[in-house]
Each structure stands twice: as structure tokens, then as C-alpha cells.
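Chemist: The structure follows.
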Amino acid sequence: MNDVLQIIVKRLGLGLITLLVISIIIFGAVELLPGDLAQAILGQAATEETVAAMREELGLDRPAPVRYFAWLKGAVVGDFGNSLASGIPVTELIGPRFKNTLFLAVYAAIIAVPIAIMLGVLAALYRNSVFDRVANVLTLTSISSPEFFLGYILVLFLAVKNSLFPAISSLSDDMSLADKLHRVFLPALTLVLVVVAHMMRMTRAAIINLLASPYIEMARLKGTPQRKVITHHALPNAWAPVINVVALNLAYLITGVVLVEVVFVYPGIGQLLVDSVTKRDFPVVQACCLVFAATYILLNLAADVGSILTNPRLRHPK
Amino acid sequence: MNEKVAQGIVSGLLKQGRSNRISRREFMQGMIATGMTVASASSLWSTQVMAQSPKKGGHFRVAKGHGGTTDTLDPGHHENGFTIAMVQGVNNYLTEVDAAGGVVPEIAESWEASEDASTWTFKIREGVTFHNGKDLTAEDVIASINHHRGEATQSAAKPILADISEIKADGSHTVVVSLNGGNADFPFIVSDYHIPIKPANADGTMDWESGVGCGAYVMKKFDPGVRLDLEKNPDYWKSDRGHFDSIEQIAITDPASRTNALVSGEADAIDRVDLKTVGLLSRNSAIKIHQVQGTLHYTFPMNMGVAPFDNVDVRRALKHAINRQEIVDKVLQGYGSIGNDHPIGPGQQFYAKDLPQTPYDPDKAKAFLKSAGMDSLTVDFNVADAAFAGAVDAAVLYAEHAKPAGININVVREPNDGYWGNVWMKKPFVASYWSGRPTVDWMFATAYASGVPWNESFFEHERFNELLVLGRAELDEAKRGEIYYEAQKIMNDEGASVVPMFAAYVFATSDKVGYAEPFSSVWDMDGERAFERWWLNS
């Protein structure tokens, strides 16, 4: 187990360095974009004096490295600064939105992961059967359609033609959990349709691969029932690739859902990031990107730890 | 009883019913007396009377096609339909532009001008309180106007208030504003949505951070780019306005989602109806689509200081080489009207309706080119959809129209990001838009007067600038009309902007929403004052 702890510590250290490098890249990318916050906010109404007054107040007239290090100095001690546009502390701005994003991601994952793994196992068991073909065609169709298109189709049939679910998922604080689950069902379903295929195909492939190995043949020859072969012999060895693909999809559910947020008017972090990039609101962009990067780093770490824990050969190295 | 008399009685009863002067029973009795059946009288009552008189109460839900997470409460930065509706719902202004386009009192009970229109005295309404209970006095008005003045201000309203030389209180409820020159339209200017009257801080600055105002609704929650929750202000001084109990405004920038919200009953009203699907939406009988011809117009400004646009015949050639009607039909799907190369809309006071329309005439355009000493002309046209939705399509159409005239317009598509900073007023021939201003002088002074920061065509014309100063200080309307006719004629003939079209505001409401027509044409959604003016019927 000490090895696992060592890995976690080492990877977290590397993760911090990755975050630092990412913050530099993000800063550079925002700098490269044409125009700055003052111009973006004032738009057509900008005059030279008002733009200059705004730059001076926000400190945008300082050279780029000075601004970056000023930000870094605060970030190191946990102060991510205030939004340049609204003056609201970044943490206050991102907090509730990230909570919403997590809520949607977890909601979708709770539906998608069991379905995907079950479909994968069944498809592997009955491979090349009608069930396998149908499951494959349906999931591949849904992953191949753009997610906003899937969203519109669901809205058309489940909200406009039959008003089973609301067409827009705007949340308010005083909603009960059941209300929220009902409101957010359509975006969650859209995301489920998008991520199921990848996980299901991976599970199917991993199990088919294992089913051809000699020890499974052995188990079958000694008369173990089919169910037990899968659950006791095949699945434990299939976990590692499946965990990895699940982690990847979870990260996607958190970071890649801007289009779904737009279609369903869901107040998540993706929309915040897009707005902030348009307005060149650097502290918010930076914080959003770091949250995304940290999500990837942590989920990948969790996947690696998961694969080690499920693999006795890695758990007990010689 | 002859038919005319009966009709007179019917319309009289309808009018009395709408203003709550007669009961349903009296209405029915009166109607039956004209020979009408009970059934049709009853249906008249429910459709014509009940639906037309404002009702108190209800929760109003609006979906707006604007709103970003970077929106703030600072009225100097407001620029989109979401924040304009918000600021006008929560606050009052010195004056208000009514549906007919005239200026009427709001916080200012009355006002008068000195003879040269350079000193304006506003009498402030007494007994108006802010949402925090504080009385509204002259100090608050001064702080609210000063928020947009001075070196350090970041307000977009700075240029329109730049003419103020001094502003001072005369007692607790009178404000005297001195201008550097005469301006007969000053009461219109203070109705601008940027300039709400908000409470003054102790140091004379304006308190915008708290969101406190004196308007029909109290701000409950503002989540930038997401939603706005408002509650009725129980102490509102206007008794015939502000009918809803509560309001919820959601930002839905995606047109398909906005339409879905209205169709599925999640919203009672939406703005910026998607013109590509408006035909399908109009088939839904529970939804009403409204079209208001306003001051919103699109422009193609040329930089008058740069060759070849410094030659007036080149400009004339370009104005005759565009088929305006086709652009209105194809880009606006018919929801608009053609422009005549000046920024004054047909519904506005002093619109020059006798001015001949510049036609699409490639031969004439060719002739103008010849008198400019050219056989053919090639110009770059830098556009992006940031200027207005469909700007690139309009530019491509224009390029096709201009070909037979020997004019080769090379359409350069620019990125939307940074368009206003890097392309507009930087490249010599671009696309742009103006929401329009309620008065002729305001529009000209904002975008066409010599040396103003937003003079997008770098228009310089001695006589035009003289006319502006003359018209501004002129209090006699007939004389002003003549002055502005000449100014519009100059722009039409010699101006450096092609103004191809005026776009209509197109918004939609569910059949539950009540309103009084006509709608204001200054902004989208009844001058963005739907919160205050509309009501719910059921």
C-alpha cells in the first residue's frame, strides 16, 4: 500500500507543476486574443478616454509579466482575484456554477456508467448476436450525432410535443432535489447518450479479449457456470481499461458540456468560461481552466490508483 | 336604431369596460340593447374588455437573447437587452420616452428651458422613495448624472452628457443643468437607459453596487448571464404601472432554446425571435408575434478621409449599386424596411418623407464612376456578423448587385472577436449597426457630427455641422423640420454611409400576456419597459 501512497504523492506534485505550466499557457493565449477587457465590455460604445480610464482602474495598462506574477502571487495563497468585469471574487463566481456542473456530471454518470458496463458485458457475452448489433448501432449513432442535435431532438419529443420534461433547465436555489432531478433530466439524458458508447465498447472489447485467454477456457472446462466465469474470472481483469475509460468520460462530463449547457440554458461552468473568454476576463478564464485541468489530473490519478488496486499483480509486486 | 348609432354605443361600452367604469352586467345590458346576442356580448367582454385592461399580480417569465456572465450592475456599462430591461425595471429616470415617441415626465415632474435652450431646470417629483426607504432628492439626481461625467468615468453615456458645464441643486427638489450650447432635446437625453436615478453616497458618488432604485420592482437576485429575479415594489409611486407580483428574466442566447422555452410554456415572452423560423412559430395559435419598426438600422460606413471614398461620386456610385429591397427580403426575411442613406427612421419626428429614395440603378452607378474618372472600381469590404446578424450575407449580396455597375466589392470576412476594436473605424469600408436614438439631433450628434468619437464614416461637412448647431438650439418645430430635412438630404446625397435598411424589432408573447398597443419603437420589447407596462391576463 505504501507504493500506492508514494504514487499519489508523486503524481500530486507533478500535477501542481502541470497546473503552473497550464496557467502560463492560458495567460499567453488570452494575451494573444485581439482586444482587451475594456474594449470587449464597452464594445461599439468605446471611446479612447473611457477605455483608458477602465484600463487604468483594472491595472490592464501594466505589462503582461507584471500582471501574470501579480495573479500568481495571489493564487499561491489561494486568492484567485476578482473578476475584472464584475468585481465579484472568482471563487464566489465559480463555486455555485461548478456545483451545478458537478451535479449534472454526477447525475449523468450515475445513469450512464452502470448502463454502459452492463451493455458492454452483455454485448460481449452475446457477441455478434442481434442484441450486440442493435446495442452497437444505437450507441454509435448517438455518439456520432453532435450533442446539441441530440439535445434538440430530445426537447422536441419530450418537452415540446409531449410536455414530460421542461425544455430549459434553469435552476433556482429553493428547488427540492426531486424538482432539480426532473428539471435536469433532459441534459443528463443527452450526456448519457453521448458517453455510453465509448464506455460500452471498451468494456465489450476488454471482456472479449479476456474470454479468449487460456484461464477462461480452463474455468469453462472445469464446469464453472457462465455467470461465474464472467464475474469471478473475466471482470476483475477487465477493470483496469474500463476504469480508465470511465475516468476519461467523467472528465469529459465536467469539462466538455458547453453545448449542452447552451441548449438547455444550464448555468454551469462551461458557459462562464465561454463568456469570460469573449470578454477577456483573465482571472475567471484562468480559474476555470485550472479547475478543468485539476479535474483531469485528479481523475487520471484516481483511474491509475483504481487499476493498481484491482490488479493483484500490481498490488503485490515481487 | 341605425347601424352607426349602434356602433357608437358598442365602442363606447368597450371603452368604459376597459377602463373599469362599468361592470360586466351593465356591459351586457348595454350590448343586448344594441341587438347583440348574449353569447356574442359575453365573448366581446372576455376578449375585448378583460383582455385589454391591466390586471395586477402574477409571475412574469421572460427569456432574453442577451446576457453574459460579465454583465454588471453599473448602468454606465449596460448595453444589451437583458441589462436594459433590468435597469428600467428597477429604476426610474428623469424623463421617459412614451410609445408615441414623445418625452413625458417621470422623476422630473416638469422642466423648463432658458430661451436659448442652454439652461434646463428640472422640478423633481416629491414623495418618491428608494427601495431602501430613503427619499429621492436633488442630490441623488446630481450624483446619478455625475456618474457619467468627468475624467475618470467609464460610462458609455459620457459623450452624450459632455455638453453639461454645470449641474447644481436649487433647494431640495430642483435641479438646474447648464449646457455649453443650446440643446432643445436635452429632456430626451436624460431618458437614456444609461442614466437612471439612483441613491447618492455620502461623498456625492452614486451607489450602483447595491442595486437599489426607485422603480416598479425591487431587485431580489441578479446572477449575471443567467437570471434576474424581481419583486414588486409595494411603495411604487405610479399606480397604473408595474402590474406583476414578481418577474423572472432568463438569459437564453441560443435562438432555438429561446423559441422552445416559449413554445413549451417555460416563458411568457421572448425577444429576438429567430427570423429563419418565425414562419413556423406563427402557426402556433397560442403565440403572438409582434413586429415593431423602430430606430434600429444597419450601416455600411466608408472612411471619407481615405481614397477612393473621399470622392463624392464614388460614394454616390456605391449608393446606387445596392439592391436594398433584396437585402431586406433575404437577410431580414422581410422584417424591416429599406433605408435612404441617412439614420432617421420613418416613424421618427422630422423624418424627411419627401426625400426621393435612392434607387438600385447600375447604369447610374456606372455614370457616377465615370464622372469620378474611373471605368471600374475595386474595394475591400470588411465585415463580420458582430456588426449585425446576417452582415456577411448582406455584404455578399451587395457584391453581386454592384458587379453590373463595374464595381468589384471584395468581401473580407473578419472574426467576430475584436470586431469593434480592430476593424470598425480602422478599415475604410465596414458594416455597423445603430440601435438608433429617439431624436434626430441625438443620432446625428452621436455618429455624424465632426470630430465625435463614434463618427464611423469620418463624415466632415461644413453645412451639415452648421445645421446641427442651428437645429439643436431651435425651439420652433417647423423651423427645425426644415433644418433637419436639409441635413438628411445632405447625408443622402453626399454622406459617406450606405444605410441599406432599418430592421424591425421582432418579439413574441404567449396569449396570456396583456399589453397596450402601440409598442414603443425606441428599443426591443416595448422600449425594454415590458416589466412596467405589461400584465398577465390569467
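Every chain in the C-alpha cells has a letter given in the order shown (A, B, ...), and although residue numbers restart at 1 in each chain, ligands are simply numbered from 1 in the order shown.
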Please find the residues of chain B near chain A - the criterion being any atom within 7 Å, counting only C-alpha atoms - and write them as JSON, numbers by chain.
Modeler: {"B": [68, 69, 70, 71, 72, 77, 152, 153, 154, 155, 156, 226, 252, 254, 257, 260, 261, 263, 264, 418, 420, 421, 453]}
Chemist: What are the DSSP alpha helix (DSSP H) residues of range 5-227 of chain A, as a ChimeraX atom specification?
Modeler: /A:5-32,37-42,48-58,64-76,90-125,130-144,147-155,177-183,185-211,214-221,226-227
Chemist: Which one is closest to Arg324 in chain B: B:Met501, B:Val177, B:Trp208, B:Trp111? Count only C-alpha atoms.
Modeler: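 Closest candidate: B:Met501.
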Chemist: Excluding range 352-359 of chain B and residues on its chain fewer than 4 positions from it, collect all residues at most 8 Å away from it, counting only C-alpha atoms, and give them as a list in words.
Modeler: Lys319, His320, Asn323, Asn340, Pro346, Tyr484, Tyr485, Gln488, Lys489 and Asn492 of chain B
Chemist: Name all residues at most 7 Å from range 506-512 of chain B (count only C-alpha atoms; drop same-chain ones fewer than 5 positions away) and give them as a list in words.
Modeler: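 That gives Asp268, Ala269, Ile270, Asp271, Arg272, Val273, Ala286, Ile287, Lys288, Ile289, His290, Gln291, Val292, Met525, Leu536, Asn537 and Ser538 of chain B.
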Chemist: Would you put the residues from that selection into a file with N, CA and C atoms, as a tab-separated table (two decimals), in the first residue's frame?
Modeler:
```tsv
chain	number	residue	atom	x	y	z
B	268	ASP	N	-43.11	33.42	-20.82
B	268	ASP	CA	-44.31	34.11	-21.31
B	268	ASP	C	-43.99	35.03	-22.48
B	269	ALA	N	-42.72	35.40	-22.60
B	269	ALA	CA	-42.34	36.30	-23.69
B	269	ALA	C	-40.88	36.09	-24.04
B	270	ILE	N	-40.54	36.25	-25.31
B	270	ILE	CA	-39.14	36.19	-25.71
B	270	ILE	C	-38.84	37.37	-26.64
B	271	ASP	N	-37.59	37.79	-26.65
B	271	ASP	CA	-37.21	38.82	-27.61
B	271	ASP	C	-36.40	38.17	-28.72
B	272	ARG	N	-35.99	38.95	-29.72
B	272	ARG	CA	-35.15	38.49	-30.82
B	272	ARG	C	-35.60	37.15	-31.39
B	273	VAL	N	-36.82	37.12	-31.88
B	273	VAL	CA	-37.36	35.90	-32.49
B	273	VAL	C	-36.48	35.54	-33.69
B	286	ALA	N	-51.31	29.91	-29.89
B	286	ALA	CA	-51.18	30.42	-28.52
B	286	ALA	C	-50.07	31.45	-28.40
B	287	ILE	N	-49.44	31.76	-29.54
B	287	ILE	CA	-48.30	32.68	-29.50
B	287	ILE	C	-48.55	33.85	-30.43
B	288	LYS	N	-48.24	35.04	-29.94
B	288	LYS	CA	-48.40	36.23	-30.79
B	288	LYS	C	-47.03	36.78	-31.13
B	289	ILE	N	-46.84	37.07	-32.40
B	289	ILE	CA	-45.56	37.62	-32.84
B	289	ILE	C	-45.76	39.10	-33.14
B	290	HIS	N	-44.89	39.92	-32.58
B	290	HIS	CA	-45.03	41.36	-32.75
B	290	HIS	C	-43.86	41.90	-33.54
B	291	GLN	N	-44.16	42.82	-34.43
B	291	GLN	CA	-43.12	43.43	-35.23
B	291	GLN	C	-43.21	44.95	-35.03
B	292	VAL	N	-42.14	45.56	-34.58
B	292	VAL	CA	-42.15	47.00	-34.36
B	292	VAL	C	-41.05	47.65	-35.17
B	525	MET	N	-38.96	45.01	-27.31
B	525	MET	CA	-39.89	44.69	-26.23
B	525	MET	C	-40.48	45.93	-25.56
B	536	LEU	N	-50.36	40.21	-16.93
B	536	LEU	CA	-50.79	38.84	-17.25
B	536	LEU	C	-52.29	38.75	-17.11
B	537	ASN	N	-52.95	38.08	-18.07
B	537	ASN	CA	-54.41	38.03	-18.06
B	537	ASN	C	-55.00	36.91	-17.24
B	538	SER	N	-54.26	35.80	-17.06
B	538	SER	CA	-54.90	34.73	-16.30
B	538	SER	C	-54.10	34.34	-15.09
```
Chemist: So, with only C-alpha atoms as the atoms that count, which of B:Lys427, B:Ile247, B:Asp524, B:Pro196 lies closest to His78 in chain B?
Modeler: B:Pro196
Chemist: So which residues touch Lys370 in chain B within 12 Å, counting only C-alpha atoms, skipping near sequence neighbours fewer than 2 positions away, as a PyMOL selection string?
Modeler: chain B and resi 311+313-314+316-317+363-368+372-377+405-407
Chemist: Let me see the file: selected residues, C-alpha atoms, as a PDB file, in the first residue's frame.
Modeler:
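Result file is selection-v6.pdb:
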```pdb
ATOM      1  CA  ASN B 311     -14.562  61.310 -53.930  1.00  0.00           C
ATOM      2  CA  ASP B 313     -19.046  60.459 -56.959  1.00  0.00           C
ATOM      3  CA  VAL B 314     -17.520  57.179 -55.807  1.00  0.00           C
ATOM      4  CA  ARG B 316     -22.787  58.085 -54.960  1.00  0.00           C
ATOM      5  CA  ALA B 317     -21.884  55.173 -57.227  1.00  0.00           C
ATOM      6  CA  ASP B 363     -26.222  52.343 -65.069  1.00  0.00           C
ATOM      7  CA  LYS B 364     -26.433  55.437 -62.926  1.00  0.00           C
ATOM      8  CA  ALA B 365     -23.760  53.997 -60.644  1.00  0.00           C
ATOM      9  CA  LYS B 366     -21.576  53.486 -63.711  1.00  0.00           C
ATOM     10  CA  ALA B 367     -22.185  57.087 -64.761  1.00  0.00           C
ATOM     11  CA  PHE B 368     -21.126  58.325 -61.328  1.00  0.00           C
ATOM     12  CA  ALA B 372     -15.171  60.259 -60.827  1.00  0.00           C
ATOM     13  CA  GLY B 373     -12.788  59.424 -63.691  1.00  0.00           C
ATOM     14  CA  MET B 374     -12.969  55.640 -63.294  1.00  0.00           C
ATOM     15  CA  ASP B 375     -14.046  52.769 -65.505  1.00  0.00           C
ATOM     16  CA  SER B 376     -14.199  50.262 -62.731  1.00  0.00           C
ATOM     17  CA  LEU B 377     -13.629  50.217 -59.001  1.00  0.00           C
ATOM     18  CA  ALA B 405     -22.020  48.660 -62.329  1.00  0.00           C
ATOM     19  CA  GLY B 406     -18.364  47.787 -62.775  1.00  0.00           C
ATOM     20  CA  ILE B 407     -17.789  47.885 -59.024  1.00  0.00           C
TER      21      ILE B 407
END
```
